[in-house]
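What follows is the content of work-v4.txt, which has compact mmCIF, C-alpha atoms:
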```txt
# COMPACT_ATOMS: atom_id res chain seq x y z
CA MET H 1 0.00 0.00 0.00
CA PHE H 2 2.88 2.39 0.76
CA GLY H 3 5.11 1.26 -2.13
CA GLN H 4 5.09 4.66 -3.82
CA ALA H 5 4.88 6.67 -0.61
CA ARG H 6 7.24 9.58 -0.08
CA HIS H 7 5.91 10.28 3.41
CA VAL H 8 3.51 8.49 5.77
CA LEU H 9 2.24 10.59 8.66
CA GLN H 10 0.24 9.51 11.70
CA VAL H 11 -2.14 12.25 12.85
CA TRP H 12 -4.74 12.79 15.54
CA ASP H 13 -7.54 15.27 14.91
CA TYR H 14 -8.96 17.22 17.87
CA HIS H 15 -11.49 20.01 18.03
CA HIS H 16 -13.36 22.38 20.29
CA GLY H 17 -15.07 24.09 17.39
CA GLN H 18 -11.65 24.85 15.85
CA SER H 19 -9.84 21.78 14.51
CA THR H 20 -6.19 20.93 15.14
CA ARG H 21 -4.38 18.12 13.34
CA ILE H 22 -1.58 16.78 15.54
CA VAL H 23 1.33 15.02 13.80
CA VAL H 24 2.49 12.31 16.19
CA ALA H 25 4.69 10.23 13.86
CA GLY H 26 6.18 10.26 10.37
CA CYS H 27 7.86 13.65 10.27
CA PRO H 28 11.63 13.18 9.79
CA PRO H 29 13.84 14.23 12.72
CA LEU H 30 14.23 17.99 12.91
CA ARG H 31 17.57 19.65 13.41
CA GLY H 32 18.17 22.07 16.22
CA ARG H 33 18.21 22.22 19.99
CA THR H 34 15.46 24.79 20.54
CA ILE H 35 11.89 24.68 19.25
CA ARG H 36 12.62 27.86 17.28
CA GLU H 37 15.53 26.08 15.56
CA LYS H 38 13.35 23.04 14.89
CA GLN H 39 10.60 25.22 13.43
CA ALA H 40 13.15 26.88 11.13
CA ASP H 41 14.33 23.44 10.00
CA LEU H 42 10.77 22.28 9.36
CA ALA H 43 10.16 25.44 7.31
CA THR H 44 13.39 24.97 5.36
CA ARG H 45 13.39 21.24 4.62
CA TYR H 46 9.87 19.95 5.19
CA ASP H 47 7.50 22.86 4.69
CA HIS H 48 5.60 20.69 2.21
CA LEU H 49 4.53 18.53 5.17
CA ARG H 50 3.16 21.58 6.97
CA ALA H 51 1.16 22.50 3.87
CA LEU H 52 0.15 18.90 3.19
CA ILE H 53 -1.57 18.27 6.52
CA VAL H 54 -3.64 21.47 6.71
CA ARG H 55 -4.44 22.40 3.10
CA GLU H 56 -6.90 20.75 0.73
CA PRO H 57 -7.45 17.99 -0.25
CA ARG H 58 -6.48 16.55 3.16
CA GLY H 59 -7.34 19.66 5.16
CA HIS H 60 -9.14 22.97 4.75
CA ARG H 61 -8.58 26.70 5.16
CA ASN H 62 -9.54 26.74 8.84
CA LEU H 63 -7.54 23.71 9.93
CA LEU H 64 -4.70 24.24 12.40
CA GLY H 65 -1.77 21.88 12.85
CA ALA H 66 0.76 20.92 15.50
CA PHE H 67 3.97 18.90 15.07
CA LEU H 68 5.05 17.09 18.23
CA THR H 69 8.78 17.03 18.92
CA GLU H 70 11.01 16.04 21.79
CA PRO H 71 11.00 18.74 24.48
CA GLU H 72 13.62 21.46 24.61
CA ARG H 73 13.87 21.26 28.41
CA PRO H 74 14.24 18.07 30.47
CA GLU H 75 11.37 19.09 32.77
CA SER H 76 8.91 19.53 29.85
CA GLN H 77 6.70 16.77 28.46
CA ALA H 78 6.78 17.68 24.74
CA GLY H 79 7.78 20.26 22.18
CA VAL H 80 5.19 21.69 19.78
CA ILE H 81 5.46 23.53 16.48
CA PHE H 82 2.22 25.34 15.57
CA VAL H 83 1.23 25.60 11.91
CA HIS H 84 -1.65 26.83 9.74
CA PRO H 85 -2.40 26.74 5.98
CA ASP H 86 -0.30 29.84 5.26
CA GLY H 87 2.63 29.26 7.59
CA TYR H 88 3.59 29.11 11.25
CA PHE H 89 2.36 30.49 14.58
CA ASP H 90 4.84 31.14 17.37
CA ALA H 91 1.95 30.54 19.78
CA CYS H 92 -1.52 29.05 19.44
CA GLY H 93 -3.91 28.62 22.35
CA ASP H 94 -6.33 26.44 20.37
CA SER H 95 -3.67 23.91 19.45
CA THR H 96 -2.17 24.05 22.94
CA PHE H 97 -5.49 22.89 24.42
CA SER H 98 -5.81 20.09 21.87
CA VAL H 99 -2.22 18.88 22.28
CA ALA H 100 -2.42 18.82 26.09
CA VAL H 101 -5.65 16.82 26.09
CA ALA H 102 -4.29 14.44 23.44
CA LEU H 103 -1.08 13.77 25.35
CA VAL H 104 -2.94 12.74 28.51
CA GLU H 105 -5.83 10.89 26.84
CA SER H 106 -3.47 8.85 24.68
CA GLY H 107 -1.04 7.98 27.43
CA LEU H 108 1.92 9.56 25.60
CA VAL H 109 2.27 11.40 28.89
CA PRO H 110 1.55 8.90 31.70
CA ARG H 111 -1.35 9.87 33.91
CA THR H 112 -0.60 10.93 37.45
CA THR H 113 -4.25 10.97 38.59
CA ASP H 114 -7.74 9.85 37.59
CA ASP H 115 -9.48 12.48 39.71
CA GLY H 116 -7.71 15.78 39.93
CA GLU H 117 -5.29 17.88 37.97
CA GLN H 118 -2.20 16.91 36.03
CA GLU H 119 0.46 19.48 35.24
CA LEU H 120 2.18 19.56 31.85
CA VAL H 121 4.72 21.87 30.28
CA LEU H 122 4.87 22.25 26.49
CA ASP H 123 7.95 23.80 24.90
CA THR H 124 7.12 26.27 22.11
CA VAL H 125 8.92 28.88 20.03
CA LEU H 126 8.00 31.49 22.67
CA GLY H 127 9.13 29.31 25.57
CA PRO H 128 7.55 26.86 28.02
CA VAL H 129 3.74 26.86 28.32
CA PRO H 130 2.30 25.32 31.51
CA VAL H 131 -1.01 23.51 31.03
CA ARG H 132 -3.20 21.96 33.74
CA VAL H 133 -5.33 19.02 32.59
CA THR H 134 -8.37 18.18 34.75
CA LEU H 135 -9.57 14.57 35.07
CA ARG H 136 -12.74 13.20 36.67
CA GLY H 137 -13.43 9.50 36.93
CA GLY H 138 -10.53 8.79 34.61
CA ARG H 139 -11.80 11.14 31.89
CA VAL H 140 -10.17 14.36 30.77
CA VAL H 141 -12.75 17.12 31.19
CA ALA H 142 -10.79 20.38 30.76
CA ALA H 143 -7.45 21.95 29.97
CA THR H 144 -6.25 25.21 31.50
CA MET H 145 -3.43 27.10 29.84
CA ALA H 146 -1.22 29.60 31.65
CA SER H 147 -0.73 32.46 29.25
CA GLY H 148 2.69 33.91 28.75
CA PRO H 149 3.25 37.59 29.53
CA SER H 150 0.53 39.55 27.73
CA TYR H 151 0.61 43.27 27.09
CA ALA H 152 -1.74 46.15 26.40
CA LEU H 153 -0.09 48.11 23.57
CA GLY H 154 -2.30 51.17 23.31
CA SER H 155 -4.82 52.34 20.76
CA ALA H 156 -4.68 53.14 17.05
CA ARG H 157 -6.93 54.19 14.20
CA LEU H 158 -7.53 52.31 10.98
CA GLU H 159 -8.45 54.11 7.77
CA THR H 160 -10.92 51.90 5.92
CA GLU H 161 -13.77 52.03 3.41
CA LEU H 162 -16.04 52.30 6.45
CA GLY H 163 -14.18 55.39 7.63
CA THR H 164 -11.84 55.69 10.59
CA VAL H 165 -12.12 52.70 12.93
CA PRO H 166 -10.56 52.89 16.43
CA VAL H 167 -8.78 49.72 17.58
CA THR H 168 -7.04 48.54 20.73
CA LEU H 169 -3.72 46.74 20.32
CA ALA H 170 -2.62 43.93 22.64
CA TRP H 171 -0.26 40.96 22.68
CA GLY H 172 -1.17 37.52 24.04
CA GLY H 173 1.33 35.42 22.09
CA LEU H 174 0.20 36.99 18.82
CA LEU H 175 -0.52 40.65 18.08
CA TYR H 176 -4.22 41.56 18.05
CA ALA H 177 -6.15 44.64 16.98
CA PHE H 178 -9.58 44.72 18.71
CA ALA H 179 -12.46 46.63 17.12
CA ASP H 180 -15.88 47.29 18.66
CA ALA H 181 -18.45 45.23 16.73
CA THR H 182 -21.39 47.19 18.18
CA ALA H 183 -19.93 50.49 16.93
CA LEU H 184 -19.68 48.91 13.46
CA GLY H 185 -23.33 47.80 13.56
CA LEU H 186 -22.50 44.09 13.85
CA GLN H 187 -24.07 41.47 16.13
CA LEU H 188 -21.95 38.44 17.01
CA GLY H 189 -24.50 36.08 18.53
CA ALA H 190 -24.60 32.70 16.79
CA GLU H 191 -27.89 33.31 14.96
CA GLN H 192 -27.07 36.89 13.95
CA ALA H 193 -23.54 36.03 12.85
CA LEU H 194 -24.72 33.16 10.66
CA ALA H 195 -27.59 35.19 9.23
CA ARG H 196 -25.19 37.98 8.21
CA ARG H 197 -22.15 35.82 7.59
CA GLU H 198 -21.11 37.51 4.33
CA ARG H 199 -21.25 40.97 5.89
CA LEU H 200 -19.21 39.76 8.86
CA LEU H 201 -16.59 38.20 6.57
CA ASP H 202 -16.43 41.35 4.44
CA VAL H 203 -15.92 43.68 7.40
CA GLY H 204 -13.46 41.37 9.15
CA THR H 205 -11.41 40.97 5.97
CA MET H 206 -11.39 44.71 5.35
CA LEU H 207 -10.18 45.45 8.86
CA TRP H 208 -7.56 42.68 8.80
CA GLN H 209 -6.10 43.89 5.51
CA ALA H 210 -6.06 47.49 6.72
CA ALA H 211 -4.41 46.52 10.00
CA ARG H 212 -1.75 44.43 8.26
CA ALA H 213 -0.93 47.34 5.98
CA GLN H 214 -1.13 50.20 8.47
CA LEU H 215 -0.26 49.03 11.99
CA ARG H 216 2.94 47.99 13.72
CA ALA H 217 3.65 47.65 17.43
CA ASP H 218 6.61 47.05 19.72
CA VAL H 219 6.15 44.01 21.97
CA PRO H 220 8.22 44.30 25.18
CA GLY H 221 11.20 41.99 25.08
CA LEU H 222 10.02 40.25 21.91
CA ALA H 223 9.74 42.34 18.77
CA GLN H 224 9.91 45.85 17.40
CA GLY H 225 7.59 46.99 14.67
CA ARG H 226 5.68 43.71 14.52
CA ALA H 227 2.74 43.59 12.14
CA VAL H 228 -0.73 42.78 13.44
CA ASP H 229 -1.45 39.04 13.28
CA LEU H 230 -5.22 39.04 13.86
CA VAL H 231 -8.12 41.46 13.96
CA THR H 232 -10.84 40.64 16.47
CA LEU H 233 -14.34 42.07 16.43
CA VAL H 234 -15.61 42.36 20.01
CA GLN H 235 -19.14 42.69 21.38
CA GLU H 236 -18.90 43.13 25.15
CA LEU H 237 -21.55 41.60 27.41
CA ASP H 238 -22.82 42.30 30.90
CA GLU H 239 -23.37 39.59 33.53
CA ASP H 240 -26.85 38.87 32.11
CA GLY H 241 -25.43 38.31 28.60
CA ARG H 242 -26.71 41.60 27.23
CA PRO H 243 -24.48 43.69 24.93
CA LEU H 244 -22.87 46.70 26.57
CA PRO H 245 -23.14 50.02 24.72
CA ALA H 246 -20.29 50.95 22.38
CA GLY H 247 -17.56 52.70 24.33
CA SER H 248 -18.78 51.46 27.73
CA THR H 249 -16.33 51.78 30.62
CA ALA H 250 -18.20 49.23 32.79
CA GLN H 251 -16.58 45.93 33.78
CA PRO H 252 -17.64 43.33 31.19
CA ALA H 253 -18.56 39.82 32.23
CA GLY H 254 -17.31 38.62 28.86
CA ALA H 255 -17.62 39.18 25.15
CA ARG H 256 -18.62 37.63 21.88
CA VAL H 257 -15.67 37.72 19.48
CA ALA H 258 -14.86 36.99 15.85
CA ASN H 259 -11.17 36.54 14.99
CA PHE H 260 -9.73 37.12 11.50
CA TYR H 261 -6.25 35.92 10.54
CA ALA H 262 -6.53 35.75 6.73
CA PRO H 263 -8.89 37.12 4.06
CA ARG H 264 -12.43 35.84 4.63
CA THR H 265 -11.12 33.44 7.28
CA MET H 266 -12.80 33.63 10.68
CA GLY H 267 -11.70 31.52 13.62
CA ARG H 268 -14.26 29.08 15.01
CA THR H 269 -13.13 29.58 18.60
CA PRO H 270 -12.53 32.60 20.83
CA SER H 271 -8.72 32.06 20.52
CA GLY H 272 -6.52 31.41 23.53
CA THR H 273 -3.91 34.01 22.58
CA GLY H 274 -6.69 36.47 21.73
CA THR H 275 -8.37 35.94 25.09
CA ALA H 276 -5.04 36.52 26.85
CA ALA H 277 -4.47 39.69 24.85
CA ARG H 278 -7.95 41.04 25.59
CA VAL H 279 -7.62 40.30 29.30
CA ALA H 280 -4.33 42.23 29.32
CA ALA H 281 -5.98 45.21 27.66
CA LEU H 282 -8.91 45.17 30.10
CA VAL H 283 -6.65 44.86 33.15
CA ALA H 284 -4.47 47.74 31.95
CA SER H 285 -7.53 49.94 31.43
CA GLY H 286 -8.81 49.19 34.95
CA ARG H 287 -11.96 47.49 33.65
CA LEU H 288 -11.05 43.96 34.83
CA PRO H 289 -9.50 43.37 38.29
CA LEU H 290 -7.05 40.58 39.03
CA GLY H 291 -8.84 37.37 39.96
CA ALA H 292 -12.08 38.31 38.20
CA SER H 293 -13.78 35.79 35.93
CA TYR H 294 -14.12 36.68 32.25
CA PHE H 295 -15.10 34.78 29.12
CA HIS H 296 -14.90 34.92 25.35
CA GLU H 297 -17.54 33.28 23.18
CA SER H 298 -17.15 32.61 19.46
CA PRO H 299 -19.87 32.98 16.80
CA VAL H 300 -20.53 29.22 16.97
CA GLY H 301 -21.16 29.45 20.72
CA LEU H 302 -17.90 27.97 22.04
CA ARG H 303 -16.74 29.58 25.28
CA PHE H 304 -13.31 30.03 26.83
CA THR H 305 -13.17 31.12 30.45
CA ALA H 306 -10.31 33.29 31.70
CA ARG H 307 -8.94 34.85 34.85
CA PRO H 308 -6.08 37.34 35.20
CA VAL H 309 -3.93 35.98 38.00
CA ARG H 310 -1.04 38.42 38.37
CA ARG H 311 0.82 41.43 36.99
CA GLU H 312 4.57 41.73 36.59
CA GLY H 313 5.29 45.30 35.57
CA GLU H 314 3.40 45.85 32.32
CA ALA H 315 2.85 42.12 31.77
CA VAL H 316 -0.44 40.43 32.66
CA HIS H 317 -0.58 36.66 33.23
CA SER H 318 -3.87 34.78 32.83
CA GLU H 319 -5.34 31.31 33.06
CA ILE H 320 -7.62 30.22 30.20
CA SER H 321 -9.73 27.05 30.13
CA THR H 322 -11.75 24.93 27.69
CA MET H 323 -12.06 21.29 26.57
CA SER H 324 -10.94 19.64 23.31
CA TYR H 325 -12.37 16.45 21.82
CA CYS H 326 -10.80 13.70 19.74
CA MET H 327 -12.66 13.33 16.44
CA GLY H 328 -10.35 11.18 14.37
CA ILE H 329 -7.15 9.18 14.00
CA ALA H 330 -5.67 8.88 10.52
CA THR H 331 -2.70 7.93 8.39
CA LEU H 332 -1.86 10.51 5.71
CA VAL H 333 0.13 9.37 2.70
CA LEU H 334 2.08 11.44 0.18
CA ARG H 335 2.85 9.42 -2.93
CA ASP H 336 5.70 10.27 -5.27
CA ASP H 337 3.24 10.93 -8.08
CA ASP H 338 0.73 13.03 -6.10
CA PRO H 339 -0.19 16.06 -8.26
CA PHE H 340 -0.62 18.24 -5.15
CA PRO H 341 2.37 17.49 -2.90
CA THR H 342 1.85 20.75 -0.97
CA GLY H 343 -1.94 20.77 -1.16
CA PHE H 344 -3.83 23.86 -2.30
CA LEU H 345 -6.16 26.57 -1.10
CA LEU H 346 -9.16 27.96 -2.96
```
Rewrite the structure from the file as structure tokens, please.
Amino acid sequence: MFGQARHVLQVWDYHHGQSTRIVVAGCPPLRGRTIREKQADLATRYDHLRALIVREPRGHRNLLGAFLTEPERPESQAGVIFVHPDGYFDACGDSTFSVAVALVESGLVPRTTDDGEQELVLDTVLGPVPVRVTLRGGRVVAATMASGPSYALGSARLETELGTVPVTLAWGGLLYAFADATALGLQLGAEQALARRERLLDVGTMLWQAARAQLRADVPGLAQGRAVDLVTLVQELDEDGRPLPAGSTAQPAGARVANFYAPRTMGRTPSGTGTAARVAALVASGRLPLGASYFHESPVGLRFTARPVRREGEAVHSEISTMSYCMGIATLVLRDDDPFPTGFLL
């Protein structure tokens, strides 16, 4: 069956609304000591495997990917390289949740409890990411990620076809520009978002393209003049789930969000890095105290819960929780004569 195979990859597919394909075997050994060096080697020698697993015909535009590697640090359980159809993420909350749950459910990381919490550390390009996996009756029921240092990076203005749009910049592992959906006349509840899907995609794409072209920000200790990675439309909610007025200074209980990271490409989840970035912005503005509960809900109704736990200078550290679900185990094959060895996107 594999006589003409160039590569055979073993993958596990997990989701919590957003899908992550985890490569657990079949990728050739990557050179380098650090995860950053391994990611560079993957991009240089095996980028076709990154494209193969997440692009059509084996994947789709909204599929995320994660390559498991040996850890960088002896105290960590695994290394992870985060990928997407157009390239690489230095950090990805969605894939972090999926990888942590997969490692414990599969036994790749031996269980230390059947009722309680198991601590993991995943090595990433941005450093170690602690994750707490919760088990009840032998079943994994949640994963809680400790965000890295997240920063509020001020405000900016986008010039768009809709006019001037104010945005808030923040870093949570990726650089986000947050725009007020209510001020733009958009509703982000599941029914409203689906009913006006094309309008939502048009506005999100317009803002993302404008932000990529117009905005740069300095991230403390990490990057100078970094381009915006994602634009997030935000509709803040009070404790009864009602939208707050545009420009409200009240403490929000949470928000509905729609994340855009490519033209006409909207994330299915609230985004772990985006939630961390938003929490940092709210804490810096005085609208969310340390220890307070907060949530983000995506247009398909998936919810991440979050809590800012401490500040270190300008940095805000949060805990973010959700649950990921195994939906498939597969063997992917690349034959020598495959007409689409790097897949495609339409």
Exercise. Which residue, H:Glu117, H:Asp218, H:Glu161, H:Asp338, has the smallest gap to Gly138 of chain H when you use only C-alpha atoms?
Worked result: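 So, comparing all the options, the nearest one is H:Glu117.
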For this session: Take the point (-19.8, 39.7, 12.5) as written in the file and pick out every residue within 10 Å of it, counting only C-alpha atoms; give the list as an NGL selection string.
Result: :H and (181-182 or 184-190 or 192-204 or 232-235 or 256-259 or 266 or 299)
Exercise. Between atom CA of Gly148 of chain H and atom CA of Leu290 of chain H, what is the spacing in Å?
Worked result: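 Pair atom CA of Leu290 of chain H / atom CA of Gly148 of chain H returns 15.7 Å.
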Problem set entry | Among the residues H:Ser318, H:Leu237, H:Leu126, H:Ala156, the one that comes closest to Ala223 of chain H [using all atoms listed in the file] |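 Under the stated criterion, the closest residue is H:Leu126.
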Problem set entry | Point-to-point distance from atom CA of Ser147 of chain H to atom CA of Glu319 of chain H, Å rounded to tenths |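 Atom-to-atom, atom CA of Ser147 of chain H to atom CA of Glu319 of chain H, that is 6.1 Å.
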Problem set entry | Of the listed residues H:Thr160, H:Pro339, H:Leu52, H:Gly254, that which approaches Gly241 of chain H most closely, counting all atoms listed in the file |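 Among the listed residues, H:Gly254 lies closest to Gly241 of chain H.
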For this session: Would you kindly return, as a PyMOL selection string, each protein, DNA or RNA residue with an atom no farther than 10 Å from any atom of Asp229 of chain H, considering all atoms listed in the file and excluding same-chain residues fewer than 5 positions away?
Result: chain H and resi 89+171+173-177+208+211-212+216+260-262
Exercise. For Ala280 of chain H, which of H:Gly172, H:Pro263, H:Gly107, H:Gly343 is the closest residue, counting all atoms listed in the file?
Worked result: H:Gly172
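With distances taken over all atoms listed in the file, H:Ser285 is the one residue among H:Ser271, H:Gly301, H:Pro130, H:Ser285 lying closest to Ser155 of chain H.
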For this session: Find the residues near Tyr14 of chain H: any atom within 8 Å, counting only C-alpha atoms, skip ones fewer than 6 places away on the same chain, and give them as JSON, numbers by chain.
Result: {"H": [20, 21, 22, 98, 102, 324, 325, 326, 327, 328]}
Exercise. Interatomic distance between atom CA of His48 of chain H and atom CA of Thr69 of chain H?
Worked result: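 We find that atom CA of His48 of chain H and atom CA of Thr69 of chain H lie 17.4 Å from each other.
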Exercise. Which is closest to Ile320 of chain H among H:Asp94, H:Asp240, H:Asp41, H:Glu70, if we use all atoms listed in the file?
Worked result: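 Residue with the minimum atom-to-atom distance to Ile320 of chain H: H:Asp94.
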For this session: For Pro29 of chain H, please output as a list in words all residues within 12 Å (counting all atoms listed in the file; exclusion window: fewer than 5 positions along the same chain).
Result: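 Final neighbour list, sorted by chain and number: Lys38, Gln39, Asp41, Leu42, Arg45, Tyr46, Phe67, Leu68, Thr69 and Glu70 of chain H.
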For this session: Write out as JSON, numbers by chain which residues come within 10 Å of Ala40 of chain H when counting all atoms listed in the file, dropping same-chain ones fewer than 4 positions away.
Result: {"H": [30, 31, 32, 34, 35, 36, 44, 45, 46, 47, 81, 88]}
For this session: Give as a PyMOL selection string every residue, naming chains and numbers as the document does, that has an atom within 10 Å of (-6.8, 13.5, 37.0), counting all atoms listed in the file.
Result: chain H and resi 104+111-119+132-141
Problem set entry | 10 Å contact set for Val333 of chain H, only C-alpha atoms, chain neighbours under 5 positions out, as an MDAnalysis selection string | chainID H and resid 1:2 4:10 26 52:53 58 338
Let me have the centre and edge lengths of the axis-aligned box enclosing all listed atoms of segment 13-20 of chain H with 5 Å padding on every side, in Å to one decimal, as lines of an AutoDock Vina configuration file.
```
center_x = -10.6
center_y = 20.1
center_z = 17.4
size_x = 18.9
size_y = 19.6
size_z = 15.8
```
